[in-house]
Each structure stands twice: as C-alpha cells, then as structure tokens.
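Raw structure21.pdb, PDB, C-alpha atoms:
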```pdb
ATOM      1  CA  MET Q  52     -79.184-188.990 113.354
ATOM      2  CA  ASP Q  53     -80.634-189.520 116.803
ATOM      3  CA  GLY Q  54     -79.042-189.806 120.242
ATOM      4  CA  ILE Q  55     -78.458-193.545 119.927
ATOM      5  CA  ASP Q  56     -76.731-193.102 116.552
ATOM      6  CA  ARG Q  57     -74.516-190.476 118.117
ATOM      7  CA  GLU Q  58     -73.610-192.768 121.010
ATOM      8  CA  ILE Q  59     -72.828-195.635 118.628
ATOM      9  CA  LEU Q  60     -70.451-193.370 116.720
ATOM     10  CA  ARG Q  61     -68.870-192.128 119.933
ATOM     11  CA  LEU Q  62     -68.359-195.700 121.179
ATOM     12  CA  THR Q  63     -66.845-196.972 117.917
ATOM     13  CA  GLN Q  64     -64.910-193.962 116.529
ATOM     14  CA  ASP Q  65     -61.645-194.869 118.275
ATOM     15  CA  GLY Q  66     -61.805-198.436 117.029
ATOM     16  CA  ILE Q  67     -63.807-201.600 117.562
ATOM     17  CA  GLY Q  68     -62.206-204.629 119.180
ATOM     18  CA  ILE Q  69     -60.620-207.516 117.353
ATOM     19  CA  GLU Q  70     -62.806-210.133 118.996
ATOM     20  CA  GLU Q  71     -65.592-212.439 117.835
ATOM     21  CA  ARG Q  72     -68.355-209.975 118.660
ATOM     22  CA  PRO Q  73     -66.848-206.478 118.414
ATOM     23  CA  PHE Q  74     -70.204-204.670 118.533
ATOM     24  CA  LEU Q  75     -71.327-206.352 121.745
ATOM     25  CA  HIS Q  76     -69.775-203.652 123.921
ATOM     26  CA  ALA Q  77     -71.716-200.832 122.235
ATOM     27  CA  ALA Q  78     -74.891-202.924 122.210
ATOM     28  CA  ARG Q  79     -74.696-203.657 125.952
ATOM     29  CA  THR Q  80     -73.777-200.082 126.828
ATOM     30  CA  LEU Q  81     -76.850-198.805 124.978
ATOM     31  CA  GLY Q  82     -79.191-201.655 125.863
ATOM     32  CA  ILE Q  83     -79.865-202.627 122.239
ATOM     33  CA  SER Q  84     -79.005-205.667 120.119
ATOM     34  CA  GLU Q  85     -75.828-206.049 118.067
ATOM     35  CA  GLU Q  86     -78.056-206.308 114.977
ATOM     36  CA  GLU Q  87     -79.454-202.875 115.756
ATOM     37  CA  VAL Q  88     -75.936-201.454 116.214
ATOM     38  CA  VAL Q  89     -74.739-202.701 112.820
ATOM     39  CA  GLY Q  90     -78.065-201.798 111.173
ATOM     40  CA  ARG Q  91     -77.737-198.221 112.405
ATOM     41  CA  LEU Q  92     -74.093-198.065 111.293
ATOM     42  CA  GLU Q  93     -75.166-199.222 107.848
ATOM     43  CA  ARG Q  94     -77.843-196.529 107.673
ATOM     44  CA  LEU Q  95     -75.358-193.861 108.809
ATOM     45  CA  ARG Q  96     -73.007-195.012 106.079
ATOM     46  CA  ASP Q  97     -75.755-194.904 103.455
ATOM     47  CA  ALA Q  98     -76.734-191.424 104.669
ATOM     48  CA  GLY Q  99     -73.145-190.158 104.329
ATOM     49  CA  VAL Q 100     -72.554-189.430 108.027
ATOM     50  CA  ILE Q 101     -69.982-192.236 107.872
ATOM     51  CA  ARG Q 102     -67.717-191.796 104.832
ATOM     52  CA  ARG Q 103     -66.579-195.377 105.131
ATOM     53  CA  PHE Q 104     -66.239-197.981 107.837
ATOM     54  CA  GLY Q 105     -62.925-199.749 107.908
ATOM     55  CA  THR Q 106     -59.316-199.700 108.925
ATOM     56  CA  ARG Q 107     -57.284-196.595 109.336
ATOM     57  CA  ILE Q 108     -53.834-197.518 108.066
ATOM     58  CA  ASN Q 109     -50.478-195.961 108.840
ATOM     59  CA  PRO Q 110     -49.293-195.304 105.282
ATOM     60  CA  ARG Q 111     -45.589-195.334 106.157
ATOM     61  CA  LYS Q 112     -45.865-198.752 107.808
ATOM     62  CA  ALA Q 113     -47.865-200.129 104.884
ATOM     63  CA  GLY Q 114     -45.098-199.250 102.439
ATOM     64  CA  PHE Q 115     -46.262-195.782 101.360
ATOM     65  CA  ALA Q 116     -43.299-193.819 102.655
ATOM     66  CA  ALA Q 117     -43.760-190.628 100.619
ATOM     67  CA  ASN Q 118     -46.633-188.222 101.231
ATOM     68  CA  ALA Q 119     -46.618-185.156  99.025
ATOM     69  CA  MET Q 120     -48.974-182.264  98.672
ATOM     70  CA  VAL Q 121     -48.874-180.881  95.155
ATOM     71  CA  VAL Q 122     -50.340-177.445  94.531
ATOM     72  CA  TRP Q 123     -51.251-176.503  90.974
ATOM     73  CA  SER Q 124     -52.092-173.190  89.387
ATOM     74  CA  VAL Q 125     -54.683-173.852  86.697
ATOM     75  CA  PRO Q 126     -57.122-171.539  84.851
ATOM     76  CA  ARG Q 127     -60.290-171.188  86.933
ATOM     77  CA  ASP Q 128     -62.542-172.302  84.120
ATOM     78  CA  ARG Q 129     -60.546-175.526  83.783
ATOM     79  CA  ALA Q 130     -60.227-176.289  87.505
ATOM     80  CA  ALA Q 131     -63.285-178.576  87.578
ATOM     81  CA  ALA Q 132     -62.169-180.661  84.587
ATOM     82  CA  ILE Q 133     -58.580-180.966  85.794
ATOM     83  CA  GLY Q 134     -59.608-181.634  89.409
ATOM     84  CA  THR Q 135     -62.001-184.370  88.319
ATOM     85  CA  ALA Q 136     -59.318-185.963  86.141
ATOM     86  CA  MET Q 137     -56.706-185.912  88.922
ATOM     87  CA  ALA Q 138     -59.189-187.365  91.407
ATOM     88  CA  GLU Q 139     -59.396-190.479  89.227
ATOM     89  CA  SER Q 140     -55.848-191.511  90.094
ATOM     90  CA  PRO Q 141     -55.695-194.055  92.953
ATOM     91  CA  ASP Q 142     -52.483-192.436  94.283
ATOM     92  CA  VAL Q 143     -54.373-189.179  94.800
ATOM     93  CA  THR Q 144     -56.094-189.430  98.192
ATOM     94  CA  HIS Q 145     -57.275-185.814  98.378
ATOM     95  CA  CYS Q 146     -58.143-183.358  95.617
ATOM     96  CA  TYR Q 147     -59.565-179.902  96.307
ATOM     97  CA  GLU Q 148     -59.943-176.530  94.691
ATOM     98  CA  ARG Q 149     -59.036-173.779  97.162
ATOM     99  CA  ARG Q 150     -59.204-170.010  97.204
ATOM    100  CA  THR Q 151     -56.024-168.200  96.144
ATOM    101  CA  VAL Q 152     -54.355-165.261  97.897
ATOM    102  CA  PRO Q 153     -54.000-162.869  94.940
ATOM    103  CA  GLY Q 154     -50.489-161.557  94.440
ATOM    104  CA  ARG Q 155     -49.026-163.939  97.011
ATOM    105  CA  TRP Q 156     -50.282-167.425  96.253
ATOM    106  CA  GLU Q 157     -51.895-168.276  92.937
ATOM    107  CA  TYR Q 158     -52.234-172.043  93.387
ATOM    108  CA  ASN Q 159     -55.866-173.115  93.282
ATOM    109  CA  LEU Q 160     -55.799-176.931  92.964
ATOM    110  CA  TYR Q 161     -54.487-179.171  95.747
ATOM    111  CA  THR Q 162     -53.707-182.864  95.578
ATOM    112  CA  VAL Q 163     -52.248-185.182  98.182
ATOM    113  CA  LEU Q 164     -50.399-188.228  96.869
ATOM    114  CA  HIS Q 165     -49.232-191.256  98.795
ATOM    115  CA  CYS Q 166     -46.553-193.233  96.982
ATOM    116  CA  ARG Q 167     -43.883-195.777  97.823
ATOM    117  CA  ASP Q 168     -41.007-193.314  97.562
ATOM    118  CA  ARG Q 169     -40.033-189.838  96.418
ATOM    119  CA  GLU Q 170     -39.140-191.039  92.906
ATOM    120  CA  ALA Q 171     -42.618-192.524  92.504
ATOM    121  CA  VAL Q 172     -44.104-189.171  93.579
ATOM    122  CA  LEU Q 173     -42.076-187.332  90.936
ATOM    123  CA  ARG Q 174     -43.041-189.831  88.234
ATOM    124  CA  LYS Q 175     -46.707-189.669  89.184
ATOM    125  CA  VAL Q 176     -46.795-185.872  89.309
ATOM    126  CA  GLY Q 177     -45.131-185.733  85.886
ATOM    127  CA  ALA Q 178     -47.777-188.102  84.544
ATOM    128  CA  LEU Q 179     -50.640-186.037  86.035
ATOM    129  CA  SER Q 180     -49.150-182.872  84.575
ATOM    130  CA  ARG Q 181     -48.822-184.377  81.103
ATOM    131  CA  ALA Q 182     -52.317-185.892  81.219
ATOM    132  CA  THR Q 183     -54.038-182.637  82.230
ATOM    133  CA  GLY Q 184     -51.802-179.951  80.737
ATOM    134  CA  ALA Q 185     -51.349-178.391  84.200
ATOM    135  CA  ALA Q 186     -47.721-177.277  84.041
ATOM    136  CA  ASP Q 187     -47.423-174.737  86.876
ATOM    137  CA  TYR Q 188     -47.100-176.700  90.092
ATOM    138  CA  ARG Q 189     -45.111-177.052  93.272
ATOM    139  CA  ILE Q 190     -44.430-180.279  95.209
ATOM    140  CA  ILE Q 191     -44.484-179.734  98.949
ATOM    141  CA  ILE Q 192     -43.268-182.782 100.868
ATOM    142  CA  SER Q 193     -44.109-183.210 104.539
ATOM    143  CA  THR Q 194     -40.989-183.701 106.624
ATOM    144  CA  GLU Q 195     -42.501-183.957 110.097
ATOM    145  CA  GLU Q 196     -45.956-184.894 111.337
ATOM    146  CA  PHE Q 197     -46.849-182.792 114.373
ATOM    147  CA  LYS Q 198     -50.455-183.907 114.514
ATOM    148  CA  ARG Q 199     -52.778-186.183 112.571
ATOM    149  CA  GLN Q 200     -56.177-187.184 113.878
ATOM    150  CA  PRO Q 201     -59.587-187.856 112.368
ATOM    151  CA  SER Q 202     -61.204-184.588 111.293
ATOM    152  CA  GLY Q 203     -64.705-185.760 112.276
ATOM    153  CA  ARG Q 204     -65.192-186.658 115.927
ATOM    154  CA  ILE Q 205     -68.104-187.002 118.319
ATOM    155  CA  GLU Q 206     -67.448-185.471 121.730
ATOM    156  CA  PRO Q 207     -69.296-186.705 124.822
ATOM    157  CA  ALA Q 208     -72.850-185.344 124.950
ATOM    158  CA  THR Q 209     -72.176-181.846 123.571
ATOM    159  CA  GLY Q 210     -71.230-181.937 119.882
ATOM    160  CA  PRO Q 211     -68.107-181.490 117.803
ATOM    161  CA  GLY Q 212     -64.918-180.117 119.334
ATOM    162  CA  ARG Q 213     -64.309-176.459 118.710
ATOM    163  CA  GLY Q 214     -60.863-175.356 119.659
ATOM    164  CA  GLN Q 215     -59.930-174.365 123.166
TER     165      GLN Q 215
ATOM    166  CA  MET R  16     -41.599-203.176 104.576
ATOM    167  CA  GLN R  17     -42.844-206.395 102.979
ATOM    168  CA  ILE R  18     -46.381-207.483 103.758
ATOM    169  CA  ASP R  19     -47.353-211.139 103.433
ATOM    170  CA  PRO R  20     -49.831-211.712 100.519
ATOM    171  CA  HIS R  21     -52.576-213.011 102.844
ATOM    172  CA  ASP R  22     -52.216-209.935 105.020
ATOM    173  CA  ARG R  23     -52.299-207.766 101.929
ATOM    174  CA  ALA R  24     -55.563-209.295 100.697
ATOM    175  CA  LEU R  25     -57.037-208.930 104.179
ATOM    176  CA  LEU R  26     -55.881-205.315 104.547
ATOM    177  CA  GLN R  27     -57.296-204.419 101.166
ATOM    178  CA  ARG R  28     -60.662-205.849 102.082
ATOM    179  CA  VAL R  29     -60.940-204.301 105.536
ATOM    180  CA  GLN R  30     -60.184-200.872 104.064
ATOM    181  CA  ASP R  31     -62.808-201.211 101.366
ATOM    182  CA  GLU R  32     -65.667-203.315 102.636
ATOM    183  CA  PHE R  33     -65.510-204.078 106.306
ATOM    184  CA  PRO R  34     -68.647-206.166 106.950
ATOM    185  CA  LEU R  35     -71.174-204.420 109.166
ATOM    186  CA  ASP R  36     -72.284-207.654 110.799
ATOM    187  CA  PRO R  37     -72.315-208.862 114.428
ATOM    188  CA  ARG R  38     -69.553-211.341 113.470
ATOM    189  CA  PRO R  39     -67.488-209.316 110.963
ATOM    190  CA  TYR R  40     -64.289-211.363 111.280
ATOM    191  CA  TRP R  41     -66.214-214.545 110.533
ATOM    192  CA  VAL R  42     -67.715-212.900 107.431
ATOM    193  CA  LEU R  43     -64.242-211.736 106.327
ATOM    194  CA  GLY R  44     -62.912-215.254 106.835
ATOM    195  CA  GLU R  45     -65.666-216.706 104.648
ATOM    196  CA  ALA R  46     -64.797-214.268 101.857
ATOM    197  CA  LEU R  47     -61.048-214.868 102.072
ATOM    198  CA  GLY R  48     -61.039-218.589 102.814
ATOM    199  CA  MET R  49     -59.689-218.212 106.349
ATOM    200  CA  GLN R  50     -60.909-219.209 109.781
ATOM    201  CA  GLU R  51     -62.327-216.412 111.929
ATOM    202  CA  ARG R  52     -59.436-216.998 114.373
ATOM    203  CA  GLU R  53     -56.844-216.555 111.630
ATOM    204  CA  VAL R  54     -58.449-213.284 110.490
ATOM    205  CA  MET R  55     -58.338-211.945 114.047
ATOM    206  CA  ASP R  56     -54.757-213.135 114.640
ATOM    207  CA  ARG R  57     -53.551-211.502 111.435
ATOM    208  CA  LEU R  58     -55.339-208.221 112.188
ATOM    209  CA  GLU R  59     -53.955-208.196 115.727
ATOM    210  CA  ALA R  60     -50.433-208.694 114.395
ATOM    211  CA  LEU R  61     -50.939-205.820 111.925
ATOM    212  CA  VAL R  62     -52.107-203.611 114.804
ATOM    213  CA  ARG R  63     -49.007-204.591 116.830
ATOM    214  CA  GLN R  64     -46.760-203.755 113.870
ATOM    215  CA  GLY R  65     -48.438-200.365 113.587
ATOM    216  CA  VAL R  66     -49.737-200.976 110.049
ATOM    217  CA  ILE R  67     -53.347-200.721 111.256
ATOM    218  CA  LYS R  68     -54.207-197.891 113.603
ATOM    219  CA  HIS R  69     -57.742-199.051 114.254
ATOM    220  CA  ILE R  70     -60.973-200.277 112.675
ATOM    221  CA  ALA R  71     -63.581-197.570 112.973
ATOM    222  CA  PRO R  72     -66.107-195.390 111.187
ATOM    223  CA  VAL R  73     -64.540-192.469 109.297
ATOM    224  CA  LEU R  74     -66.954-189.644 109.951
ATOM    225  CA  GLU R  75     -67.953-186.764 107.677
ATOM    226  CA  PRO R  76     -67.229-183.563 109.660
ATOM    227  CA  GLU R  77     -69.823-181.518 107.761
ATOM    228  CA  ARG R  78     -72.518-183.897 108.966
ATOM    229  CA  LEU R  79     -71.425-183.410 112.584
ATOM    230  CA  GLY R  80     -71.925-179.664 112.706
ATOM    231  CA  VAL R  81     -68.554-178.566 111.300
ATOM    232  CA  ARG R  82     -69.687-175.879 108.847
ATOM    233  CA  SER R  83     -66.424-174.172 108.153
ATOM    234  CA  SER R  84     -62.875-175.370 107.576
ATOM    235  CA  THR R  85     -59.690-174.172 105.996
ATOM    236  CA  LEU R  86     -56.049-174.966 105.302
ATOM    237  CA  ILE R  87     -53.486-172.593 106.759
ATOM    238  CA  ALA R  88     -49.885-172.209 105.607
ATOM    239  CA  MET R  89     -47.401-170.268 107.724
ATOM    240  CA  ARG R  90     -43.875-169.061 107.253
ATOM    241  CA  VAL R  91     -42.247-169.860 110.583
ATOM    242  CA  PRO R  92     -38.621-169.047 111.455
ATOM    243  CA  GLU R  93     -36.820-172.412 111.745
ATOM    244  CA  ARG R  94     -35.665-171.751 115.318
ATOM    245  CA  ARG R  95     -39.285-171.137 116.414
ATOM    246  CA  MET R  96     -40.792-174.145 114.626
ATOM    247  CA  ASP R  97     -41.263-176.524 117.562
ATOM    248  CA  GLU R  98     -42.776-173.854 119.776
ATOM    249  CA  VAL R  99     -45.201-172.552 117.112
ATOM    250  CA  ALA R 100     -46.159-176.095 116.017
ATOM    251  CA  ALA R 101     -46.965-176.994 119.638
ATOM    252  CA  VAL R 102     -49.297-173.979 120.002
ATOM    253  CA  VAL R 103     -51.094-174.938 116.777
ATOM    254  CA  SER R 104     -51.381-178.658 117.642
ATOM    255  CA  GLY R 105     -52.863-177.721 121.016
ATOM    256  CA  TYR R 106     -56.164-176.758 119.382
ATOM    257  CA  ASP R 107     -58.833-179.490 119.158
ATOM    258  CA  SER R 108     -60.011-177.805 115.972
ATOM    259  CA  VAL R 109     -56.658-178.565 114.296
ATOM    260  CA  SER R 110     -56.741-182.125 112.940
ATOM    261  CA  HIS R 111     -53.615-182.209 110.768
ATOM    262  CA  ASN R 112     -50.391-180.263 111.311
ATOM    263  CA  TYR R 113     -47.212-180.858 109.306
ATOM    264  CA  ARG R 114     -43.803-179.366 108.772
ATOM    265  CA  ARG R 115     -43.293-179.143 105.037
ATOM    266  CA  ASP R 116     -40.292-178.625 102.851
ATOM    267  CA  ASP R 117     -41.194-175.185 101.454
ATOM    268  CA  ASP R 118     -40.883-171.449 102.066
ATOM    269  CA  TYR R 119     -44.249-171.855 103.832
ATOM    270  CA  ASN R 120     -43.046-174.526 106.207
ATOM    271  CA  LEU R 121     -45.987-175.164 108.569
ATOM    272  CA  TRP R 122     -49.324-176.402 107.187
ATOM    273  CA  PHE R 123     -52.410-177.222 109.229
ATOM    274  CA  THR R 124     -56.136-177.758 108.831
ATOM    275  CA  LEU R 125     -58.604-175.869 110.981
ATOM    276  CA  ALA R 126     -62.331-176.598 111.387
ATOM    277  CA  ALA R 127     -65.162-174.903 113.274
ATOM    278  CA  ALA R 128     -68.915-174.720 113.599
ATOM    279  CA  SER R 129     -69.053-171.325 111.862
ATOM    280  CA  GLU R 130     -67.013-168.819 109.829
ATOM    281  CA  GLU R 131     -66.895-166.544 112.877
ATOM    282  CA  ASP R 132     -65.470-169.259 115.133
ATOM    283  CA  LEU R 133     -62.923-170.138 112.495
ATOM    284  CA  ALA R 134     -61.789-166.519 112.088
ATOM    285  CA  ALA R 135     -61.599-166.074 115.868
ATOM    286  CA  THR R 136     -59.443-169.186 116.292
ATOM    287  CA  LEU R 137     -57.122-168.119 113.482
ATOM    288  CA  ASP R 138     -56.765-164.639 115.032
ATOM    289  CA  GLU R 139     -55.941-166.220 118.356
ATOM    290  CA  ILE R 140     -53.306-168.478 116.794
ATOM    291  CA  ARG R 141     -51.719-165.486 115.042
ATOM    292  CA  ARG R 142     -51.709-163.518 118.282
ATOM    293  CA  ARG R 143     -50.314-166.330 120.415
ATOM    294  CA  THR R 144     -47.588-167.255 117.941
ATOM    295  CA  GLY R 145     -46.778-163.709 116.816
ATOM    296  CA  ILE R 146     -46.591-164.812 113.172
ATOM    297  CA  PRO R 147     -47.512-161.718 111.073
ATOM    298  CA  THR R 148     -50.490-161.823 108.699
ATOM    299  CA  GLY R 149     -48.118-161.417 105.747
ATOM    300  CA  ASP R 150     -46.625-164.808 106.602
ATOM    301  CA  VAL R 151     -49.969-166.602 106.791
ATOM    302  CA  LEU R 152     -52.039-168.013 103.915
ATOM    303  CA  ASP R 153     -55.707-168.817 104.571
ATOM    304  CA  LEU R 154     -56.816-171.302 101.891
ATOM    305  CA  PRO R 155     -60.462-172.387 102.299
ATOM    306  CA  VAL R 156     -61.979-175.050 100.059
ATOM    307  CA  VAL R 157     -63.930-173.901  97.027
ATOM    308  CA  ARG R 158     -64.780-177.396  95.801
ATOM    309  CA  ARG R 159     -63.992-180.938  96.898
ATOM    310  CA  PHE R 160     -63.227-183.464  94.166
ATOM    311  CA  LYS R 161     -62.033-186.322  96.291
ATOM    312  CA  ILE R 162     -61.187-187.512  99.738
ATOM    313  CA  ASP R 163     -60.471-191.204  99.892
ATOM    314  CA  VAL R 164     -57.605-192.244 102.105
ATOM    315  CA  ARG R 165     -57.287-195.850 101.075
ATOM    316  CA  PHE R 166     -54.244-197.581  99.723
ATOM    317  CA  TRP R 167     -53.925-200.042  96.878
ATOM    318  CA  LEU R 168     -51.887-202.819  98.390
ATOM    319  CA  GLU R 169     -52.380-205.638  95.948
ATOM    320  CA  GLU R 170     -49.444-204.980  93.678
ATOM    321  CA  GLU R 171     -50.009-208.018  91.529
ATOM    322  CA  ARG R 172     -53.368-206.548  90.540
ATOM    323  CA  TYR R 173     -52.519-202.901  90.300
ATOM    324  CA  GLY R 174     -48.785-202.773  89.575
ATOM    325  CA  ARG R 175     -46.248-200.675  91.451
ATOM    326  CA  ASP R 176     -46.399-197.494  89.469
ATOM    327  CA  ARG R 177     -49.802-197.131  88.036
TER     328      ARG R 177
END
```

Using structure tokens, write down the structure from this file.
Amino acid sequence: MDGIDREILRLTQDGIGIEERPFLHAARTLGISEEEVVGRLERLRDAGVIRRFGTRINPRKAGFAANAMVVWSVPRDRAAAIGTAMAESPDVTHCYERRTVPGRWEYNLYTVLHCRDREAVLRKVGALSRATGAADYRIIISTEEFKRQPSGRIEPATGPGRGQ
Amino acid sequence: MQIDPHDRALLQRVQDEFPLDPRPYWVLGEALGMQEREVMDRLEALVRQGVIKHIAPVLEPERLGVRSSTLIAMRVPERRMDEVAAVVSGYDSVSHNYRRDDDYNLWFTLAAASEEDLAATLDEIRRRTGIPTGDVLDLPVVRRFKIDVRFWLEEERYGRDR
C-alpha cells in the first residue's frame, strides 16, 4: 500500500457520493484518473486491506432490531470445530475464540447475532446449541449503544488512531 | 419497518458486490433493470431514512498497523454508567461501546498499535474511571472465525427464520 492508496482510502472511508461519478472527487484531489482510483480500490480489496466495499447499514432501521452477543463455554479442543460451524450461520456476523479469565469467566467462544426480534434470537441460539452440542452459554443483549464506529480508519498523514 | 422489494434487492446487492467502476450506479442499474437515476434516487432515500449509513470501504485494522486489540467487560455501578461510558467512548482507540443486560454491564473494544499501548490505555481507563481490576475482564482474541456484517434482506429467498 503506497501513499496514493492511503489517500484514496482516507478520501472514501466516510462514504462516496451518490452521484453519477462518485470517484471523481478522489481522482481530482490526487491528480489521477477515476479508472486508477477504482483499479487501486480493487487491488486493495484483493489484497485484504479492504474487507469489502459496500454499504454500511443501520441494522435496526433495516429490520434487524435485536443484536445479541452470545458467549459460550466449550472444551478448548472443540472450539475450532464449533466456532467454524457457528460461523456458517448467516445470522452470526461475528464469531471469535477469546481468552478466558480463569475462575471468573470461563466463556471462550463469542458470537454476535443480528435478528429481527428477541424471539428470533432465542430460537436461533437454541438451534446453534443443538447443532453443536454447546450447552453452556449466556445471551448478553445490548440495551444502549454508546459508540459504534468503523474499527479500521486512516488518519490524515500519520497512521491509525491510537487513543488520546 | 417494511422495505420495498426493489429497495431490498438493491440493498442486498450494494452490501455484497458494489461495483468498483467509475459509474457504479449505472452498473448497478444494468444488473437490476433500473435506470441509473432510479438507483441513485432509491439509495438517497435509504440514506435519508437512516437505513444506509454510507457506501465506503470497510478496512481491515490489522493491515493498517493495528497489531493488538481486545474486548473489555466492566461491572459498572448503575448510577455511574453514563459517566464511565463517556470516559470510555472518549478514546479514539475504542470503536464499539455498549451497555449490556448482564452483571458485566459495559462492553467495549479497544485497539492499539502494540500490546504495550493497549495495556497502557486500559490502565489509564481503569485509573480514570476508578473501576477496580476485579470488576474488569480483558478478553483478547485467540482466533477469528468470522466477521461479516452483512444482512440477508431478501426474505423470499432466505426465509425469515433460517
């Protein structure tokens, strides 16, 4: 990733315009063609710097009112198999294995589900539990969003943001 | 909220395969049998309704120099929640911060360029909020199986419950 790539990401990360030529602004700012802008974006996507290029949706407004984190305690030697199986479900947007805090917090598998309502969450979690045999879990519903922003951002000139 | 079937098809496509082309809305229109103008009008309306936040690259933090990240859970006394949450949200390195319905009632993600920076920020948060270590869980990732924040909107294809 070179300086121009970085600038393209910085200029597009907060959203491109809904206009006939949405990459024209970045192209003019950088003195390159629109074809080069989209070509570089494609390469950054292929290289994995861009996870995906597309719309960021507000789940609540799109009809996905319930967001639940479900934490599961599963045997360590089965975590990979169970995690992989849970990741297959389209309702599961995030699936991670995390370190435990022995004696205080034994949950090692984390899933985030977005569903239409709380009942759908409960049904889905029941189905995941039955399918994988993971029976020790806790559903932790979010009740207030204090902050939600993209976790990857390009800051002007210097590099990623690092606290205060 | 009910979404019109044309909007739903459009939303599905712009989540999955937004065309990287100088005229992306024209390309979308070709694929969906709509005029470029109609595609833009529909997307603008979805932005106004708050369904779409924006159309942008979703970046991979690890590829941007973020080497270390974790999930933190805190037990915060209810009466102190707003104050503690505001301190936490004030950090650029915190991307997500939620109140959750659990004994551990505040959950946030923290990212940094190194383990040392991460530990220093967490120490500072503990100091500034006065939440004791015994009420804090530090839960770094061991393995990532999936992160894919897309939504299946086309109910007629996928069904409500899946």

Evaluate the PyMOL selection byres ((chain Q and resi 161-168) around 10) and record the selected residues as a PyMOL selection string, following the chain and residue labels used in the document.
-> (chain Q and resi 110-111+113-124+134+137-138+140-149+158-160+169-173+175-176+188-192) or (chain R and resi 156+159-162+164-166+175-176)

Spatial neighbours of R:Glu75, 7 Å, all atoms listed in the file, chain gap at least 3 places, as a list in words |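 Contacts, in chain order: Val100, Ile101, Arg102 and Gly203 of chain Q; Arg78 and Leu79 of chain R.
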
Report as a Markdown table the residues of stretch 33-76 of chain R within 12 Å of stretch 75-83 of chain Q, each with its shortest atom pair and distance in Å (one decimal), using all atoms listed in the file, ordered by chain and increasing residue number.
```
| residue | atom | partner | partner_atom | distance |
| --- | --- | --- | --- | --- |
| R:Asp36 | CA | Q:Leu75 | CA | 11.1 |
| R:Pro37 | CA | Q:Leu75 | CA | 7.8 |
| R:Arg38 | CA | Q:Leu75 | CA | 9.8 |
| R:Pro39 | CA | Q:Leu75 | CA | 11.8 |
```

Cut-off 12 Å around (-58.8, -166.6, 112.2) with only C-alpha atoms: residues as a compact mmCIF listing (two decimals) with C-alpha atoms, keeping the file's coordinate frame:
```txt
# COMPACT_ATOMS: atom_id res chain seq x y z
CA GLY Q 214 -60.86 -175.36 119.66
CA SER R 83 -66.42 -174.17 108.15
CA SER R 84 -62.88 -175.37 107.58
CA THR R 85 -59.69 -174.17 106.00
CA LEU R 86 -56.05 -174.97 105.30
CA ILE R 87 -53.49 -172.59 106.76
CA SER R 108 -60.01 -177.80 115.97
CA THR R 124 -56.14 -177.76 108.83
CA LEU R 125 -58.60 -175.87 110.98
CA ALA R 126 -62.33 -176.60 111.39
CA ALA R 127 -65.16 -174.90 113.27
CA SER R 129 -69.05 -171.32 111.86
CA GLU R 130 -67.01 -168.82 109.83
CA GLU R 131 -66.90 -166.54 112.88
CA ASP R 132 -65.47 -169.26 115.13
CA LEU R 133 -62.92 -170.14 112.50
CA ALA R 134 -61.79 -166.52 112.09
CA ALA R 135 -61.60 -166.07 115.87
CA THR R 136 -59.44 -169.19 116.29
CA LEU R 137 -57.12 -168.12 113.48
CA ASP R 138 -56.76 -164.64 115.03
CA GLU R 139 -55.94 -166.22 118.36
CA ILE R 140 -53.31 -168.48 116.79
CA ARG R 141 -51.72 -165.49 115.04
CA ARG R 142 -51.71 -163.52 118.28
CA ARG R 143 -50.31 -166.33 120.42
CA THR R 148 -50.49 -161.82 108.70
CA VAL R 151 -49.97 -166.60 106.79
CA LEU R 152 -52.04 -168.01 103.92
CA ASP R 153 -55.71 -168.82 104.57
CA LEU R 154 -56.82 -171.30 101.89
CA PRO R 155 -60.46 -172.39 102.30
```

Each side padded by 5 Å, which centre and which edge lengths in Å (one decimal) define the axis-aligned box around the listed atoms of stretch 101-108 of chain R? Give them as AutoDock Vina command-line options.
```
--center_x -53.5 --center_y -176.7 --center_z 118.5 --size_x 23.0 --size_y 15.5 --size_z 15.0
```

Take atom CA of R:Val73 and atom CA of Q:Gly90 and report the distance between them in Å, one decimal.
->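 Taking atom CA of R:Val73 and atom CA of Q:Gly90, their separation equals 16.5 Å.
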
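Those residues returned by the PyMOL selection byres ((chain R and resi 71) around 9) for this file are Leu60, Thr63, Gln64, Asp65, Gly66, Ile67, Arg103, Phe104, Gly105, Thr106 and Arg107 of chain Q; His69, Ile70, Pro72 and Val73 of chain R.
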
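If you look at atom CA of R:Arg63 and atom CA of R:Arg23, they are 15.6 Å away from each other.
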
Taken to one decimal, the atom CA of R:Arg28-atom CA of R:Val62 distance is 15.5 Å

Counting all atoms listed in the file, the option among Q:Arg129, Q:Lys198, Q:Arg174, Q:Arg91 closest to chain R =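 Of all the options, Q:Lys198 lies closest to chain R.
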
Might you pull out every residue within 9 Å of Q:Met52, with only C-alpha atoms counted and same-chain residues fewer than 2 positions away left off, and present them as a list in words?
->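 Non-adjacent residues within range: Gly54, Ile55, Asp56, Arg57, Leu95 and Val100 of chain Q.
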
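Among the candidate residues R:Leu25, R:Val157, R:Ala88, R:Val102, the one lying nearest to R:Ile67 is R:Leu25, with distances computed using only C-alpha atoms.
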
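Nearest to chain Q of all the residues R:Leu74, R:Leu43, R:Val109, R:Met89 is R:Leu74, counting only C-alpha atoms.
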
Which is closest to Q:Ala132 among Q:Ile69, Q:Glu85, Q:Thr183, Q:Arg204, if we use all atoms listed in the file?
->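 Among the listed residues, Q:Thr183 lies closest to Q:Ala132.
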